[in-house]
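Following: one structure in structure tokens, then a few remarks.
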Amino acid sequence: MTKSAAHAALLFALISSWSTVNADPLQYPITQKIEHTDTYFGTVVSDPYRWLEDDNAPATKAWVDAQNKLTFGYLAQIPYREKTLERVKALANYVKYSAPFKKNDDVFFYKNDGLQNQAELYTQKGYDGKPEVLLDPNTFSADGTIRLTSFVLSKDGKYAAYGRTAIPGSDWYDLYVMDMSTHKTLPEVLHWARYSSASWRGDGFYYSRYPEPEKGKELTARNENQKVYFHKIGTPQSADTLVYEDNARPSYYVNVGTTEDERFAILSIQDPDKRGNALYARDDGAGDTAFKPIVKDVSEDSFGVVDNDGDGLLIVTNRNAPKQKLMLYDPAHPAEQDWKTVLPEGPDSLESISATGGKLFATYLKDVSAHTYVYDRSGHLENEIAFPGPGTVGGFGGEKSDQDTFYVYTTLNYPPTIFRYDIASRQSKLFRAPEIPGFKADQYESRQVFYKSKDGTRIPMFLVYKKGLKRNGKNPTILYGYGGFNITINPTFSATRIAWLEQGGIFAIANLRGGGEYGEKWHEAGMKLNKQNVFDDCIAAAEYLIHEKFTTPGKLTLQGGSNGGLLVGAVVNQRSDLFRVALPAVGVMDMLRFQKFSAGTGWVADYGSSDDEAQFRNLLGYSPLHNIKAGANYPAILVMTSDHDDRVVPAHSFKYTATMQEKNPTGNPKLIRIETNSGHGASNLAKTLEETADMYAFVWKNICFTPKFTK
């Protein structure tokens with residue numbers, strides 16, 4: 001049978017089977033099984049839904065349509081679904097600002113008037129000037145799904161390079177150039193950029209791009225042969241100068257950035273099999289033509305240039321410093337043993353550092369709460385910046401000549417609030433605070449608790465709920481987790497989460513191992529062969545919430561996205577008895593084949609690979625897809641993914657759902673919600689709000705809770 005004939009036969013079989021679907025939401029479409037096996041180190045692994053990996057095939061598209069018909073039909077029967085969406089929209093309908101940034105006398109900021117799909121970019125003269133819209137991403141597409149991905153001004157402020165998603169929801173984007181004197185976009189367009197932004201030098205900028213993928217394979221093509229180019233303003237992309245390539249190692253990531261004064265071009269090279277990077281520099285100001293090694297070889301250690309200090313470079317690294325330190329590299333004395341320590345490793349993890357206004361702003365995490373200190377350029381401590389309380393902080397960007405800088409402070413019950421910090425006086429002043437309709441911060445309580453995991457490790461967890469909540473074991477609770485890639489899950493505010501909290505719900509964030517909360521050792525404790533620690537930490541969090549009478553298994557939901565979707569899939573396979581509902585979003589569910597698609601090659605450093613025997617056996621032991629039990633008492637599951645997700649391709653969620661429905665056709669619902677024209681996260685605000693409302697409605701229905709909307 002030809003390939004096209006096979007697809008036609010499969011499509012006919014699928015459509016025939018769907019004729020049995022009726023109003024009963026538990027009568028799932030019968031997904032055709034086509035026998036396929038792979039052998040890994042003598043172990044035969046079946047993969048009967050391999051055909052769902054082809055998201056362009058007619059049969060796959062028909063499967064998506066049938067699953068969405070079933071899921072949205074189920075959701076439509078929930079009587080309070082529309083009220084939930086109305087409430088979520090009302091809570092999101094407030095003016096949202098970003099922290100401003102400056103170039104000469106021009107001030108820029110992003111603003112969303114309330115329910116705009118995308119925030120607009122504004123500019124004005126000084127802080128008191130009249131704002132005008134510079135870029136409105138809502139005009140990029142009819143449905144508001146094309147996003148503005150970056151906006152980078154040249155050193156002199158004459159030009160700006162900005163990115164727009166090339167495909168709704170995708171990580172692919174195109175680069176455009178704006179003449180800032182006229183606010184007009186120039187004719188040149190640069191295609192197939194990914195994982196980089198513009199780094200200006202003079203009359204052009206460095207950027208990284210991939211070869212044009214095969215038509216129809218844009219969303220699943222592996223990330224290979226990334227190259228660095230230099231684009232000169234006023235020329236077509238075909239005239240761009242190749243700056244760096246490594247054809248012998250096609251999977252490597254390569255990027256070039258520049259220091260603020262544009263003197264140094266910094267080349268970073270990363271092997272996806274490792275956590276760290278190599279680092280090279282070229283002194284463009286001195287007319288050098290070749291990159292010289294600072295750190296020649298890629299290892300497990302990371303290196304990032306903060307800025308130059310004259311001839312030297314300020315480099316933040318975790319080499320021999322799991323919680324990170326800041327070093328000064330002198331090209332006249334390049335040996336690592338000759339590097340000077342500016343900020344030594346401390347007891348707390350260094351989360352971020354910036355060089356602004358002639359100072360160093362270093363933010364450390366102490367039990368996941370931010371503390372920011374100001375140092376002079378030699379590393380002498382000047383002062384700590386006082387925040388309203390334990391929480392999350394971001395910002396402190398700017399240039400050497402700036403006299404002030406901005407930061408945003410937030411926590412679970414404190415909306416993102418912008419402060420202006422005067423560098424000379426060392427004083428912070430409120431700049432902008434959001435006004436959220438119907439929300440009063442003093443009606444909610446946020447607290448941090450600690451619990452012990454299976455091996456005795458102390459794990460932090462944040463909780464937020466209405467004041468006066470009774471610990472009677474009856475409270476609807478969402479437990480959120482991630483635990484991977486050295487990413488810290490900070491306590492941050494969500495306006496739409498109020499819809500959950502005001503109904504008496506609890507929201508909990510468990511800071512699992514694998515993240516960056518306590519530095520690289522915390523990360524290492526939850527990666528590769530140690531990944532089970534992450535699942536154990538999550539299970540222990542659920543047990544703590546139950547034991548301390550915050551909730552009960554019948555009221556507990558587990559939520560996570562991307563690597564957190566993997567977490568949800570693995571944990572409910574291992575301890576389905578702890579949860580009533582599971583919400584895995586855009587999850588990595590097939591741990592044996594993730595590296596075959598798109599960005600998956602970059603995750604081997606964290607997960608390992610099925611190409612290695614020891615790692616294969618570890619991956620097979622917890623892979624959500626491969627450990628689904630037949631006839632088990634699984635919680636109600638709402639899988640969420642998007643048709644344009646080219647980071648975690650939707651095949652992960654498709655195969656997981658098909659297997660779950662096949663092996664567990666009765667009991668709690670196992671549904672998949674597949675968003676269109678979206679990617680690794682909703683591509684506009686409208687889709688975000690609809691997804692959030694459906695998630696809450698699904699949870700409330702399956703924990704047998706009826707919300708009361710009085711506002």
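Chain labels run A, B, ... following the order of the structure tokens; each chain numbers its residues from 1, and ligands are numbered from 1 in the order shown.
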
| field | Residues near Asp106 in chain A, cut-off 9 Å, only C-alpha atoms, skip fewer than 6 positions along chain, as a ChimeraX atom specification | value | /A:123-127,157

Counting only C-alpha atoms, give me one row per residue of range 545-617 of chain A with an atom at most 12 Å from an atom of range 190-204 of chain A, showing the shortest contact pair and its distance in Å to one decimal, sorted by chain then residue number, as a Markdown table.
| residue | atom | partner | partner_atom | distance |
| --- | --- | --- | --- | --- |
| A:Ser598 | CA | A:Arg194 | CA | 11.3 |
| A:Ala599 | CA | A:Tyr195 | CA | 10.0 |
| A:Gly602 | CA | A:Tyr195 | CA | 11.5 |

| task | Please identify all polymer residues within 12 Å of Leu75 in chain A, counting only C-alpha atoms, omitting same-chain residues fewer than 2 positions from it, and present them as an NGL selection string. | result | :A and (23 or 25 or 68-73 or 77-82 or 84-85 or 638 or 669 or 671-673 or 690-691 or 693-702)

For range 8-121 of chain A versus range 620-634 of chain A, which residues have an atom no more than 10 Å away, and what is each residue's nearest atom pair and distance in Å rounded to one decimal, using only C-alpha atoms, chain-then-number order, as a Markdown table?
| residue | atom | partner | partner_atom | distance |
| --- | --- | --- | --- | --- |
| A:Val45 | CA | A:His626 | CA | 8.6 |
| A:Ser46 | CA | A:His626 | CA | 8.9 |
| A:Asp47 | CA | A:His626 | CA | 9.1 |

With N, CA and C atoms retained, export the selected residues as an mmCIF file, in the first residue's frame.
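Result file out10.cif:
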data_model
loop_
_atom_site.group_PDB
_atom_site.id
_atom_site.type_symbol
_atom_site.label_atom_id
_atom_site.label_comp_id
_atom_site.auth_asym_id
_atom_site.auth_seq_id
_atom_site.Cartn_x
_atom_site.Cartn_y
_atom_site.Cartn_z
ATOM 1 N N VAL A 45 10.092 -1.775 22.425
ATOM 2 C CA VAL A 45 9.112 -0.791 22.894
ATOM 3 C C VAL A 45 8.097 -0.558 21.788
ATOM 4 N N SER A 46 6.825 -0.738 22.119
ATOM 5 C CA SER A 46 5.754 -0.540 21.149
ATOM 6 C C SER A 46 5.377 0.932 21.062
ATOM 7 N N ASP A 47 5.061 1.385 19.852
ATOM 8 C CA ASP A 47 4.666 2.777 19.632
ATOM 9 C C ASP A 47 3.550 2.809 18.587
#

| query | Near Tyr162 in chain A, within 6 Å and counting only C-alpha atoms, which residues show up once chain neighbours fewer than 4 positions away are dropped, as a PyMOL selection string? | reply | chain A and resi 150-151+175-176

| query | Counting only C-alpha atoms, what is within 12 Å of range 208-213 of chain A, bar same-chain residues fewer than 3 positions away, as a PyMOL selection string? | reply | chain A and resi 171-175+190-199+205+216-231+237+240-245+250-257+267-269+598

| task | Output as a ChimeraX atom specification all residues of range 318-410 of chain A that backbone DSSP marks as strand (DSSP E). | result | /A:325-329,340-343,349-356,359-366,369-376,381-385,392-395,404-410

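Residues surrounding range 408-420 of chain A within 7 Å are Ala99, Gly391, Thr392, Val393, Gly394, Gly395, Asp404, Thr405, Phe406, Asp422, Ser428, Lys429, Leu430, Phe431, Arg432, Ala433, Pro434, Ala441, Tyr444, Glu445, Ser446, Val464, Pro491, Thr492 and Phe493 of chain A [only C-alpha atoms; sequence separation below 2 positions excluded].
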
| Do you know which residues are at most 7 Å from Val95 in chain A counting only C-alpha atoms, after dropping those on the same chain fewer than 2 positions away, and could you put them as an MDAnalysis selection string? | chainID A and resid 93 97 112:114 434

| request: Name the residues of range 436-569 of chain A that come out as alpha helix (DSSP H) in a backbone DSSP run; write them as JSON, numbers by chain. | output: {"A": [498, 499, 500, 501, 520, 521, 522, 523, 524, 532, 533, 534, 535, 536, 537, 538, 539, 540, 541, 542, 543, 544, 545, 546, 547, 563, 564, 565, 566, 567, 568, 569]}
